[in-house]
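*Asks:* Contents of coords_24.cif (mmCIF, C-alpha atoms) are below:
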```cif
data_start
loop_
_atom_site.label_atom_id
_atom_site.label_comp_id
_atom_site.auth_asym_id
_atom_site.auth_seq_id
_atom_site.Cartn_x
_atom_site.Cartn_y
_atom_site.Cartn_z
CA MET V 383 -212.63 -149.04 31.49
CA HIS V 384 -209.52 -149.41 29.33
CA ILE V 385 -209.18 -145.67 29.14
CA LYS V 386 -209.41 -145.47 32.94
CA LEU V 387 -206.68 -148.08 33.36
CA PHE V 388 -204.51 -146.32 30.78
CA LEU V 389 -204.90 -142.98 32.56
CA ILE V 390 -203.99 -144.55 35.93
CA ALA V 391 -200.88 -146.10 34.39
CA VAL V 392 -199.79 -142.77 32.82
CA LEU V 393 -200.40 -140.98 36.12
CA SER V 394 -198.36 -143.53 38.09
CA LEU V 395 -195.50 -143.27 35.61
CA SER V 396 -195.52 -139.47 35.84
CA ILE V 397 -195.45 -139.52 39.65
CA SER V 398 -192.63 -142.04 39.64
CA CYS V 399 -190.55 -139.92 37.18
CA PHE V 400 -191.16 -136.78 39.21
CA ALA V 401 -190.10 -138.53 42.44
CA GLU V 402 -186.92 -139.79 40.71
CA SER V 403 -185.98 -136.31 39.52
CA GLU V 404 -186.58 -134.93 43.03
CA ARG V 405 -184.28 -137.61 44.50
CA ASP V 406 -181.55 -136.77 41.94
CA GLN V 407 -181.52 -133.09 42.74
CA PRO V 408 -179.70 -133.04 46.12
CA GLU V 409 -177.38 -135.83 44.89
CA LEU V 410 -176.18 -133.66 42.04
CA LEU V 411 -175.41 -130.89 44.45
CA SER V 412 -173.51 -133.15 46.80
CA GLU V 413 -171.62 -134.72 43.92
CA THR V 414 -170.70 -131.32 42.58
CA ASP V 415 -169.40 -130.58 46.05
CA GLN V 416 -167.38 -133.79 45.98
CA ALA V 417 -165.81 -132.74 42.71
CA GLY V 418 -165.01 -129.43 44.35
CA SER V 419 -163.45 -131.25 47.29
CA ALA V 420 -161.34 -133.36 44.97
CA ARG V 421 -160.11 -130.20 43.33
CA THR V 422 -159.30 -128.62 46.67
CA GLY V 423 -157.60 -131.80 47.81
CA ASN V 424 -155.54 -131.71 44.66
CA GLU V 425 -154.35 -128.18 45.08
CA GLN V 426 -153.99 -127.96 48.82
CA PRO V 427 -151.02 -130.26 49.31
CA ALA V 428 -149.22 -128.52 46.49
CA ARG V 429 -148.22 -125.70 48.83
CA ILE V 430 -146.56 -125.40 52.17
CA GLU V 431 -147.02 -121.68 52.78
CA ALA V 432 -143.57 -120.19 52.59
CA GLY V 433 -142.79 -120.96 56.21
CA LYS V 434 -145.62 -118.68 57.38
CA LYS V 435 -147.39 -119.39 60.63
CA THR V 436 -150.74 -120.17 59.07
CA ALA V 437 -153.14 -123.04 59.64
CA GLU V 438 -154.35 -124.79 56.51
CA PRO V 439 -157.42 -126.98 56.20
CA GLN V 440 -156.41 -130.61 56.36
CA PRO V 441 -157.78 -133.19 53.91
CA PRO V 442 -159.38 -136.33 55.37
CA GLN V 443 -156.90 -138.45 57.35
CA GLU V 444 -157.18 -141.64 55.29
CA THR V 445 -156.55 -139.85 52.00
CA SER V 446 -153.64 -137.99 53.56
CA LEU V 447 -151.98 -141.18 54.72
CA ASP V 448 -152.42 -142.74 51.29
CA LYS V 449 -150.89 -139.65 49.74
CA GLN V 450 -148.00 -139.71 52.18
CA SER V 451 -147.24 -143.37 51.55
CA LEU V 452 -147.39 -142.87 47.77
CA MET V 453 -144.99 -139.95 48.03
CA ILE V 454 -142.65 -141.78 50.39
CA ASP V 455 -142.58 -144.80 48.12
CA TYR V 456 -141.79 -142.61 45.11
CA CYS V 457 -139.08 -140.65 46.87
CA ARG V 458 -137.38 -143.76 48.22
CA LYS V 459 -137.15 -145.21 44.71
CA HIS V 460 -136.23 -142.00 42.88
CA THR V 461 -134.11 -138.93 43.44
CA CYS V 462 -137.12 -136.71 44.03
CA MET Y 1430 -177.12 -138.68 36.21
CA LYS Y 1431 -174.99 -137.02 33.57
CA THR Y 1432 -173.79 -134.56 36.19
CA LYS Y 1433 -172.85 -137.48 38.44
CA MET Y 1434 -170.81 -139.12 35.69
CA LEU Y 1435 -169.16 -135.85 34.79
CA ALA Y 1436 -168.28 -135.14 38.40
CA ASN Y 1437 -166.79 -138.61 38.81
CA LEU Y 1438 -164.80 -138.21 35.60
CA VAL Y 1439 -163.45 -134.82 36.67
CA ALA Y 1440 -162.57 -136.14 40.12
CA SER Y 1441 -160.83 -139.19 38.62
CA ILE Y 1442 -158.78 -137.06 36.23
CA MET Y 1443 -157.77 -134.74 39.05
CA LEU Y 1444 -156.80 -137.56 41.39
CA ALA Y 1445 -154.89 -139.29 38.61
CA GLY Y 1446 -153.11 -136.05 37.86
CA TYR Y 1447 -152.16 -135.57 41.49
CA ALA Y 1448 -150.99 -139.08 42.19
CA GLY Y 1449 -149.79 -139.79 38.68
CA PHE Y 1450 -146.15 -139.11 39.28
CA ALA Y 1451 -146.16 -141.28 42.34
CA VAL Y 1452 -147.70 -144.37 40.87
CA SER Y 1453 -146.94 -144.62 37.16
CA ALA Y 1454 -143.80 -146.13 35.71
CA SER Y 1455 -141.52 -143.30 34.67
CA PRO Y 1456 -139.94 -143.01 31.24
CA HIS Y 1457 -136.16 -142.65 31.14
CA TRP Y 1458 -134.58 -139.21 31.39
CA SER Y 1459 -131.05 -137.81 31.55
CA TYR Y 1460 -129.34 -134.53 32.37
CA ASP Y 1461 -128.03 -134.33 28.77
CA GLU Y 1462 -131.57 -133.73 27.51
CA GLU Y 1463 -132.63 -131.42 30.34
CA SER Y 1464 -134.15 -128.80 28.03
CA ASP Y 1465 -136.46 -131.45 26.60
CA TRP Y 1466 -137.68 -133.06 29.82
CA GLY Y 1467 -141.13 -131.55 29.36
CA ALA Y 1468 -141.48 -133.18 25.94
CA ILE Y 1469 -140.47 -136.71 26.95
CA GLU Y 1470 -143.28 -139.00 25.95
CA ASP Y 1471 -144.59 -142.00 27.85
CA THR Y 1472 -145.41 -144.34 24.98
CA ALA Y 1473 -147.39 -146.60 27.31
CA GLN Y 1474 -149.94 -143.81 27.65
CA THR Y 1475 -152.13 -142.66 24.80
CA ALA Y 1476 -154.26 -139.96 26.42
CA VAL Y 1477 -153.17 -136.34 26.68
CA PRO Y 1478 -151.72 -135.16 29.08
CA LEU Y 1479 -150.77 -138.53 30.62
CA ASN Y 1480 -148.47 -139.25 27.69
CA TYR Y 1481 -146.32 -136.27 28.74
CA PRO Y 1482 -145.62 -137.13 32.40
CA TYR Y 1483 -142.83 -134.55 32.74
CA ALA Y 1484 -144.73 -131.65 31.14
CA GLU Y 1485 -144.42 -129.61 34.33
CA CYS Y 1486 -140.63 -129.43 33.77
CA GLY Y 1487 -141.35 -127.40 30.65
CA ILE Y 1488 -144.41 -125.36 31.53
CA GLY Y 1489 -144.22 -125.00 35.33
CA LYS Y 1490 -143.88 -121.49 36.71
CA HIS Y 1491 -142.51 -122.37 40.15
CA GLN Y 1492 -139.60 -124.54 39.16
CA SER Y 1493 -136.40 -125.32 41.03
CA PRO Y 1494 -133.52 -124.70 41.40
CA VAL Y 1495 -133.16 -120.90 41.23
CA ASP Y 1496 -130.51 -118.25 41.62
CA LEU Y 1497 -130.85 -117.13 45.23
CA ALA Y 1498 -128.85 -113.95 44.74
CA ASP Y 1499 -131.44 -111.40 43.77
CA VAL Y 1500 -134.45 -111.31 46.01
CA LYS Y 1501 -134.33 -111.65 49.73
CA ILE Y 1502 -137.04 -110.41 52.05
CA VAL Y 1503 -136.40 -110.66 55.74
CA ASP Y 1504 -139.53 -111.81 57.48
CA SER Y 1505 -139.41 -112.18 61.23
CA LYS Y 1506 -142.75 -114.01 61.22
CA LEU Y 1507 -141.29 -117.04 59.49
CA ASN Y 1508 -141.49 -120.37 61.23
CA LYS Y 1509 -138.62 -121.54 63.35
CA LEU Y 1510 -136.74 -124.34 61.60
CA ALA Y 1511 -135.21 -127.16 63.62
CA ALA Y 1512 -133.49 -130.33 62.38
CA ARG Y 1513 -134.45 -133.26 64.58
CA TYR Y 1514 -132.40 -136.09 63.13
CA GLY Y 1515 -130.88 -138.96 65.08
CA VAL Y 1516 -128.95 -142.18 64.59
CA ASP Y 1517 -130.40 -144.59 62.05
CA THR Y 1518 -129.52 -147.76 60.15
CA PRO Y 1519 -130.27 -146.54 56.64
CA SER Y 1520 -130.07 -147.99 53.17
CA PHE Y 1521 -127.43 -146.65 50.76
CA PHE Y 1522 -129.04 -146.46 47.35
CA ASN Y 1523 -127.59 -145.70 43.92
CA THR Y 1524 -130.71 -144.37 42.17
CA GLY Y 1525 -129.28 -144.08 38.68
CA HIS Y 1526 -129.29 -140.30 38.98
CA ALA Y 1527 -127.66 -139.64 42.37
CA ILE Y 1528 -126.24 -141.24 45.47
CA GLN Y 1529 -128.98 -141.42 48.06
CA VAL Y 1530 -129.48 -142.48 51.66
CA ASN Y 1531 -132.96 -143.81 52.49
CA VAL Y 1532 -133.71 -143.71 56.19
CA SER Y 1533 -135.17 -146.83 57.75
CA LYS Y 1534 -138.94 -147.09 57.99
CA ASN Y 1535 -138.94 -146.74 61.78
CA PHE Y 1536 -136.79 -143.60 61.74
CA THR Y 1537 -138.60 -140.89 63.64
CA GLY Y 1538 -136.41 -137.88 62.87
CA GLY Y 1539 -137.42 -134.98 60.70
CA LEU Y 1540 -137.52 -131.28 60.06
CA LYS Y 1541 -139.55 -129.23 62.49
CA VAL Y 1542 -141.21 -126.29 60.74
CA GLY Y 1543 -142.90 -124.27 63.46
CA LYS Y 1544 -144.81 -126.91 65.41
CA GLU Y 1545 -145.07 -129.44 62.59
CA LEU Y 1546 -142.53 -132.26 62.28
CA LEU Y 1547 -142.01 -133.38 58.68
CA PRO Y 1548 -140.46 -136.86 58.65
CA LEU Y 1549 -137.14 -137.31 56.83
CA VAL Y 1550 -137.43 -139.84 54.00
CA GLN Y 1551 -134.12 -139.63 52.20
CA LEU Y 1552 -131.13 -137.45 51.44
CA HIS Y 1553 -129.15 -137.23 48.21
CA PHE Y 1554 -126.38 -135.27 46.52
CA HIS Y 1555 -125.95 -133.22 43.35
CA GLU Y 1556 -122.66 -132.26 41.70
CA PRO Y 1557 -122.25 -129.28 41.23
CA SER Y 1558 -124.79 -127.41 43.34
CA GLU Y 1559 -128.22 -126.84 41.81
CA HIS Y 1560 -129.07 -123.56 43.51
CA VAL Y 1561 -126.84 -120.58 42.86
CA PHE Y 1562 -125.66 -118.76 45.98
CA LYS Y 1563 -124.67 -115.10 45.56
CA GLY Y 1564 -123.79 -115.73 41.94
CA LYS Y 1565 -121.78 -118.83 42.78
CA LYS Y 1566 -122.36 -122.50 42.14
CA PHE Y 1567 -120.88 -124.63 44.90
CA PRO Y 1568 -119.06 -127.89 44.13
CA ALA Y 1569 -122.03 -129.91 45.39
CA GLU Y 1570 -125.39 -129.70 47.13
CA LEU Y 1571 -127.15 -131.91 49.65
CA HIS Y 1572 -130.93 -132.30 49.75
CA PHE Y 1573 -132.74 -133.66 52.80
CA VAL Y 1574 -136.22 -134.72 51.56
CA HIS Y 1575 -139.13 -134.64 54.03
CA ILE Y 1576 -142.74 -135.63 53.47
CA SER Y 1577 -145.55 -134.47 55.73
CA LYS Y 1578 -148.47 -136.61 56.91
CA ASP Y 1579 -150.63 -135.15 54.14
CA GLY Y 1580 -148.07 -135.72 51.41
CA ARG Y 1581 -146.44 -132.27 51.16
CA ILE Y 1582 -142.73 -132.22 50.36
CA ALA Y 1583 -140.20 -129.97 52.08
CA VAL Y 1584 -136.55 -130.08 51.08
CA LEU Y 1585 -133.71 -128.77 53.20
CA GLY Y 1586 -130.87 -127.76 50.89
CA VAL Y 1587 -127.26 -127.42 52.02
CA ALA Y 1588 -124.43 -126.09 49.86
CA ILE Y 1589 -121.23 -128.14 49.91
CA ASP Y 1590 -117.83 -126.48 49.63
CA ILE Y 1591 -114.32 -127.92 49.45
CA GLY Y 1592 -112.48 -127.92 52.77
CA ARG Y 1593 -112.10 -130.31 55.66
CA GLU Y 1594 -112.92 -133.96 55.12
CA ASN Y 1595 -116.42 -134.95 56.18
CA ALA Y 1596 -116.58 -138.23 58.10
CA ALA Y 1597 -120.34 -138.67 57.67
CA PHE Y 1598 -120.06 -138.16 53.92
CA GLN Y 1599 -117.23 -140.71 53.81
CA THR Y 1600 -119.54 -143.26 55.44
CA ILE Y 1601 -121.97 -142.71 52.55
CA LEU Y 1602 -119.26 -143.01 49.89
CA ASP Y 1603 -117.83 -146.16 51.46
CA ASN Y 1604 -121.18 -147.93 51.60
CA MET Y 1605 -122.69 -146.79 48.30
CA PRO Y 1606 -123.09 -149.49 45.63
CA HIS Y 1607 -121.54 -148.59 42.26
CA ASN Y 1608 -124.22 -150.23 40.16
CA TYR Y 1609 -127.31 -148.26 39.17
CA GLY Y 1610 -130.44 -149.27 41.02
CA GLU Y 1611 -128.56 -151.20 43.68
CA ALA Y 1612 -129.10 -150.62 47.39
CA ASN Y 1613 -126.93 -151.55 50.32
CA SER Y 1614 -129.46 -152.11 53.05
CA THR Y 1615 -127.85 -154.92 54.98
CA SER Y 1616 -124.60 -153.33 56.12
CA GLY Y 1617 -126.10 -152.37 59.49
CA ILE Y 1618 -124.04 -149.17 59.42
CA LYS Y 1619 -125.14 -146.59 61.98
CA PHE Y 1620 -125.55 -143.16 60.45
CA ASN Y 1621 -126.78 -139.85 61.83
CA PRO Y 1622 -128.02 -137.40 59.15
CA ALA Y 1623 -127.46 -134.54 61.62
CA LYS Y 1624 -123.73 -135.04 61.11
CA LEU Y 1625 -124.22 -133.58 57.63
CA LEU Y 1626 -125.49 -130.25 58.96
CA PRO Y 1627 -123.12 -127.27 59.17
CA SER Y 1628 -120.86 -127.48 62.20
CA GLY Y 1629 -121.69 -124.81 64.72
CA ALA Y 1630 -125.19 -124.30 63.35
CA ASN Y 1631 -127.94 -124.08 65.92
CA THR Y 1632 -130.04 -127.07 64.87
CA ASP Y 1633 -132.93 -125.78 67.00
CA ASN Y 1634 -133.09 -122.53 65.09
CA LEU Y 1635 -131.51 -122.82 61.67
CA LYS Y 1636 -130.89 -119.77 59.49
CA TYR Y 1637 -132.47 -120.24 56.09
CA LEU Y 1638 -133.87 -118.86 52.88
CA THR Y 1639 -137.22 -120.25 51.79
CA LEU Y 1640 -139.27 -120.28 48.62
CA ALA Y 1641 -141.90 -122.33 46.83
CA GLY Y 1642 -140.44 -124.57 44.16
CA SER Y 1643 -140.42 -128.00 42.62
CA LEU Y 1644 -138.61 -131.28 42.46
CA THR Y 1645 -135.40 -130.66 40.50
CA THR Y 1646 -135.73 -133.97 38.68
CA PRO Y 1647 -138.56 -135.17 36.43
CA PRO Y 1648 -141.52 -134.99 36.89
CA CYS Y 1649 -140.48 -131.58 38.38
CA SER Y 1650 -143.67 -131.54 40.46
CA GLU Y 1651 -144.37 -128.19 42.04
CA GLY Y 1652 -145.62 -127.62 45.56
CA VAL Y 1653 -142.26 -128.33 47.14
CA GLN Y 1654 -141.26 -125.93 49.90
CA TRP Y 1655 -137.54 -125.26 49.89
CA TYR Y 1656 -135.48 -124.33 52.94
CA ILE Y 1657 -131.91 -123.47 51.97
CA LEU Y 1658 -129.41 -123.12 54.80
CA THR Y 1659 -127.26 -120.00 54.74
CA LYS Y 1660 -124.25 -121.97 56.02
CA SER Y 1661 -122.45 -124.52 53.90
CA ILE Y 1662 -120.73 -127.76 54.88
CA THR Y 1663 -117.41 -129.04 53.60
CA ILE Y 1664 -116.04 -132.19 52.06
CA SER Y 1665 -112.45 -132.70 50.94
CA ALA Y 1666 -111.28 -132.46 47.33
CA ALA Y 1667 -110.60 -136.19 47.44
CA GLN Y 1668 -114.15 -136.85 48.59
CA LEU Y 1669 -115.55 -134.73 45.77
CA ALA Y 1670 -113.44 -136.72 43.32
CA GLN Y 1671 -114.76 -139.95 44.82
CA MET Y 1672 -118.33 -138.64 44.59
CA LYS Y 1673 -117.77 -137.90 40.90
CA THR Y 1674 -116.97 -141.55 40.29
CA PHE Y 1675 -120.67 -142.13 40.98
CA TYR Y 1676 -122.23 -139.05 39.38
CA SER Y 1677 -120.96 -135.85 37.84
CA GLY Y 1678 -123.07 -133.07 36.39
CA ASN Y 1679 -126.30 -134.32 37.98
CA ALA Y 1680 -127.58 -130.80 38.56
CA ARG Y 1681 -130.48 -129.08 36.84
CA SER Y 1682 -129.83 -125.54 35.59
CA THR Y 1683 -131.46 -122.61 37.35
CA GLN Y 1684 -135.06 -121.75 36.50
CA ASN Y 1685 -136.91 -118.43 36.27
CA LEU Y 1686 -138.08 -117.05 39.58
CA ASN Y 1687 -141.36 -115.80 38.01
CA GLU Y 1688 -142.50 -113.36 40.69
CA ARG Y 1689 -141.70 -115.69 43.56
CA SER Y 1690 -140.32 -114.21 46.75
CA ILE Y 1691 -137.32 -115.63 48.51
CA LEU Y 1692 -137.78 -115.10 52.22
CA SER Y 1693 -135.14 -115.15 54.91
CA ASN Y 1694 -135.45 -115.56 58.66
CA HIS Y 1695 -132.36 -113.54 59.53
CA HIS Y 1696 -130.57 -110.28 58.71
#
```
Output the file's structure in the form of structure tokens.
*Replies:*
Amino acid sequence: MHIKLFLIAVLSLSISCFAESERDQPELLSETDQAGSARTGNEQPARIEAGKKTAEPQPPQETSLDKQSLMIDYCRKHTC
Amino acid sequence: MKTKMLANLVASIMLAGYAGFAVSASPHWSYDEESDWGAIEDTAQTAVPLNYPYAECGIGKHQSPVDLADVKIVDSKLNKLAARYGVDTPSFFNTGHAIQVNVSKNFTGGLKVGKELLPLVQLHFHEPSEHVFKGKKFPAELHFVHISKDGRIAVLGVAIDIGRENAAFQTILDNMPHNYGEANSTSGIKFNPAKLLPSGANTDNLKYLTLAGSLTTPPCSEGVQWYILTKSITISAAQLAQMKTFYSGNARSTQNLNERSILSNHH
């Protein structure tokens, strides 16, 4: 009886661990993507294409506005 | 989970790196130690590279200003450049490094690059000029600083020569506080930045040179798009002398072009 209970407990634990690892998998991918987005967001504003008529992907609006206000604040206080 | 933490850490470092110059307190710098800007240490920071906030001044490859003499590629596909400035009630600010005019927060004027309007934030002066024009440094240079909705910086540079007195420049001199860090924001003086553009220039279709560069002051952040007008403006010798009572020699030396192209929208 004890052995039966022990085996059920081990089995439950294994299933629970497996389910957890399955849930983590897509999250890792999406988080890796987020890191990629942060990198893109970091590099993208660093260039206004030399006056060329090209359309660039725009970062999310809220982040852009934050970035703009940070820049404006800096440039009003310093000779930037 | 480790991947999640690592991703967050990387993202945090990158965001801190991007916004760092805008939010952190800046260590003191001067034009006398220009060659060492990149090595100035922020003692409040202990982690590398945050303890060297001006490192880009030393290791950047797209730095400003440059000698504009050598390379010029005419490109008819360049965006049309139009200055859309109007009357404002600005603040006259002595930054400690230059005389500067900060436009009011409800000012709607800016620089139109193609179809995009980049709002004007401030304008300031350097003595002598920072960029070199056909082998020549001008007595001074004016920078109109614009910041787009997504935080990109575009600077319109105008060379200043000695000649006829400039009434708009006199307004700036007359209202500029002499003490470092002081701003005159209550004078209520009306000022139109467009009056500082070359007389006779077509403000709807300005002739310019353009290149990718940087801020010319620490932290020398790159990603700045420069538009340098091919026409200069004038101020009188007396006005230059008066300007020098505020700042003299506040100009960074020219930097290597490093494979960058200087494009022009005219022949």
*Asks:* What's the separation between CA of Leu1540 in chain Y and CA of Lys1565 in chain Y, in Å to one decimal place?
*Replies:*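 A separation of 26.5 Å between them.
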*Asks:* Extract, using all atoms listed in the file, all DNA, RNA and protein residues at most 8 Å from Thr1645 in chain Y, discarding same-chain residues fewer than 4 positions from it, and format them as a PyMOL selection string.
*Replies:* (chain V and resi 462) or (chain Y and resi 1492-1494+1649+1681)
*Asks:* Quote the spacing between CA of Thr1518 in chain Y and CA of His1553 in chain Y in Å to one decimal place.
*Replies:*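 Interatomic distance here is 15.9 Å.
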*Asks:* Check what the PyMOL selection byres ((chain Y and resi 1691) around 8) selects in the file above and give those residues as an mmCIF file with C-alpha atoms, in the coordinates of the input.
*Replies:*
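Result file selection_4.cif:
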```
data_model
loop_
_atom_site.group_PDB
_atom_site.id
_atom_site.type_symbol
_atom_site.label_atom_id
_atom_site.label_comp_id
_atom_site.auth_asym_id
_atom_site.auth_seq_id
_atom_site.Cartn_x
_atom_site.Cartn_y
_atom_site.Cartn_z
ATOM 1 C CA LEU Y 1497 -130.850 -117.130 45.230
ATOM 2 C CA VAL Y 1500 -134.450 -111.310 46.010
ATOM 3 C CA LYS Y 1501 -134.330 -111.650 49.730
ATOM 4 C CA ILE Y 1502 -137.040 -110.410 52.050
ATOM 5 C CA LEU Y 1638 -133.870 -118.860 52.880
ATOM 6 C CA THR Y 1639 -137.220 -120.250 51.790
ATOM 7 C CA LEU Y 1640 -139.270 -120.280 48.620
ATOM 8 C CA ARG Y 1689 -141.700 -115.690 43.560
ATOM 9 C CA SER Y 1690 -140.320 -114.210 46.750
ATOM 10 C CA LEU Y 1692 -137.780 -115.100 52.220
ATOM 11 C CA SER Y 1693 -135.140 -115.150 54.910
#
```
*Asks:* Using only C-alpha atoms, find the one residue out of Y:Ile1662, Y:Ala1476, Y:Ala1498, Y:Ile1618 that sits nearest to Phe1562 in chain Y.
*Replies:*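 With only C-alpha atoms as the atom set, the closest residue is Y:Ala1498.
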*Asks:* Some atoms are missing, so please complete range 1575-1583 of chain Y with all heavy atoms and return it as a PDB file, keeping the file's coordinate frame.
*Replies:*
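Wrote it out as selection38.pdb, contents follow:
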```
ATOM      1  N   HIS Y1575    -138.157-134.340  52.966  1.00  0.00           N
ATOM      2  CA  HIS Y1575    -139.130-134.640  54.030  1.00  0.00           C
ATOM      3  C   HIS Y1575    -140.531-134.679  53.426  1.00  0.00           C
ATOM      4  O   HIS Y1575    -140.836-133.888  52.531  1.00  0.00           O
ATOM      5  CB  HIS Y1575    -139.094-133.563  55.113  1.00  0.00           C
ATOM      6  CG  HIS Y1575    -137.716-133.230  55.583  1.00  0.00           C
ATOM      7  ND1 HIS Y1575    -136.894-132.370  54.888  1.00  0.00           N
ATOM      8  CD2 HIS Y1575    -137.005-133.651  56.649  1.00  0.00           C
ATOM      9  CE1 HIS Y1575    -135.730-132.281  55.508  1.00  0.00           C
ATOM     10  NE2 HIS Y1575    -135.767-133.050  56.585  1.00  0.00           N
ATOM     11  N   ILE Y1576    -141.366-135.546  53.957  1.00  0.00           N
ATOM     12  CA  ILE Y1576    -142.740-135.630  53.470  1.00  0.00           C
ATOM     13  C   ILE Y1576    -143.695-135.596  54.656  1.00  0.00           C
ATOM     14  O   ILE Y1576    -143.579-136.410  55.586  1.00  0.00           O
ATOM     15  CB  ILE Y1576    -142.962-136.903  52.620  1.00  0.00           C
ATOM     16  CG1 ILE Y1576    -142.006-136.857  51.413  1.00  0.00           C
ATOM     17  CG2 ILE Y1576    -144.409-137.016  52.163  1.00  0.00           C
ATOM     18  CD1 ILE Y1576    -142.082-138.055  50.504  1.00  0.00           C
ATOM     19  N   SER Y1577    -144.620-134.651  54.615  1.00  0.00           N
ATOM     20  CA  SER Y1577    -145.550-134.470  55.730  1.00  0.00           C
ATOM     21  C   SER Y1577    -146.624-135.556  55.724  1.00  0.00           C
ATOM     22  O   SER Y1577    -146.746-136.322  54.758  1.00  0.00           O
ATOM     23  CB  SER Y1577    -146.217-133.101  55.645  1.00  0.00           C
ATOM     24  OG  SER Y1577    -147.139-133.106  54.579  1.00  0.00           O
ATOM     25  N   LYS Y1578    -147.426-135.589  56.787  1.00  0.00           N
ATOM     26  CA  LYS Y1578    -148.470-136.610  56.910  1.00  0.00           C
ATOM     27  C   LYS Y1578    -149.510-136.497  55.805  1.00  0.00           C
ATOM     28  O   LYS Y1578    -150.190-137.465  55.482  1.00  0.00           O
ATOM     29  CB  LYS Y1578    -149.149-136.506  58.271  1.00  0.00           C
ATOM     30  CG  LYS Y1578    -148.279-137.090  59.367  1.00  0.00           C
ATOM     31  CD  LYS Y1578    -148.927-136.965  60.719  1.00  0.00           C
ATOM     32  CE  LYS Y1578    -148.002-137.550  61.786  1.00  0.00           C
ATOM     33  NZ  LYS Y1578    -148.450-137.229  63.134  1.00  0.00           N
ATOM     34  N   ASP Y1579    -149.662-135.293  55.234  1.00  0.00           N
ATOM     35  CA  ASP Y1579    -150.630-135.150  54.140  1.00  0.00           C
ATOM     36  C   ASP Y1579    -149.941-135.065  52.774  1.00  0.00           C
ATOM     37  O   ASP Y1579    -150.520-134.586  51.806  1.00  0.00           O
ATOM     38  CB  ASP Y1579    -151.572-133.965  54.374  1.00  0.00           C
ATOM     39  CG  ASP Y1579    -150.839-132.671  54.592  1.00  0.00           C
ATOM     40  OD1 ASP Y1579    -149.589-132.693  54.548  1.00  0.00           O
ATOM     41  OD2 ASP Y1579    -151.490-131.640  54.785  1.00  0.00           O
ATOM     42  N   GLY Y1580    -148.714-135.545  52.706  1.00  0.00           N
ATOM     43  CA  GLY Y1580    -148.070-135.720  51.410  1.00  0.00           C
ATOM     44  C   GLY Y1580    -147.339-134.505  50.858  1.00  0.00           C
ATOM     45  O   GLY Y1580    -146.896-134.523  49.708  1.00  0.00           O
ATOM     46  N   ARG Y1581    -147.197-133.436  51.653  1.00  0.00           N
ATOM     47  CA  ARG Y1581    -146.440-132.270  51.160  1.00  0.00           C
ATOM     48  C   ARG Y1581    -144.943-132.540  51.291  1.00  0.00           C
ATOM     49  O   ARG Y1581    -144.512-133.189  52.237  1.00  0.00           O
ATOM     50  CB  ARG Y1581    -146.808-131.023  51.970  1.00  0.00           C
ATOM     51  CG  ARG Y1581    -148.234-130.521  51.724  1.00  0.00           C
ATOM     52  CD  ARG Y1581    -148.646-129.512  52.766  1.00  0.00           C
ATOM     53  NE  ARG Y1581    -148.761-130.132  54.069  1.00  0.00           N
ATOM     54  CZ  ARG Y1581    -148.479-129.511  55.217  1.00  0.00           C
ATOM     55  NH1 ARG Y1581    -148.057-128.264  55.222  1.00  0.00           N
ATOM     56  NH2 ARG Y1581    -148.608-130.143  56.364  1.00  0.00           N
ATOM     57  N   ILE Y1582    -144.178-132.005  50.344  1.00  0.00           N
ATOM     58  CA  ILE Y1582    -142.730-132.220  50.360  1.00  0.00           C
ATOM     59  C   ILE Y1582    -142.020-130.944  50.785  1.00  0.00           C
ATOM     60  O   ILE Y1582    -142.338-129.848  50.297  1.00  0.00           O
ATOM     61  CB  ILE Y1582    -142.222-132.661  48.966  1.00  0.00           C
ATOM     62  CG1 ILE Y1582    -142.875-133.980  48.560  1.00  0.00           C
ATOM     63  CG2 ILE Y1582    -140.703-132.790  48.951  1.00  0.00           C
ATOM     64  CD1 ILE Y1582    -142.461-134.488  47.191  1.00  0.00           C
ATOM     65  N   ALA Y1583    -141.069-131.085  51.688  1.00  0.00           N
ATOM     66  CA  ALA Y1583    -140.200-129.970  52.080  1.00  0.00           C
ATOM     67  C   ALA Y1583    -138.763-130.452  51.954  1.00  0.00           C
ATOM     68  O   ALA Y1583    -138.430-131.543  52.445  1.00  0.00           O
ATOM     69  CB  ALA Y1583    -140.490-129.532  53.506  1.00  0.00           C
TER      70      ALA Y1583
END
```
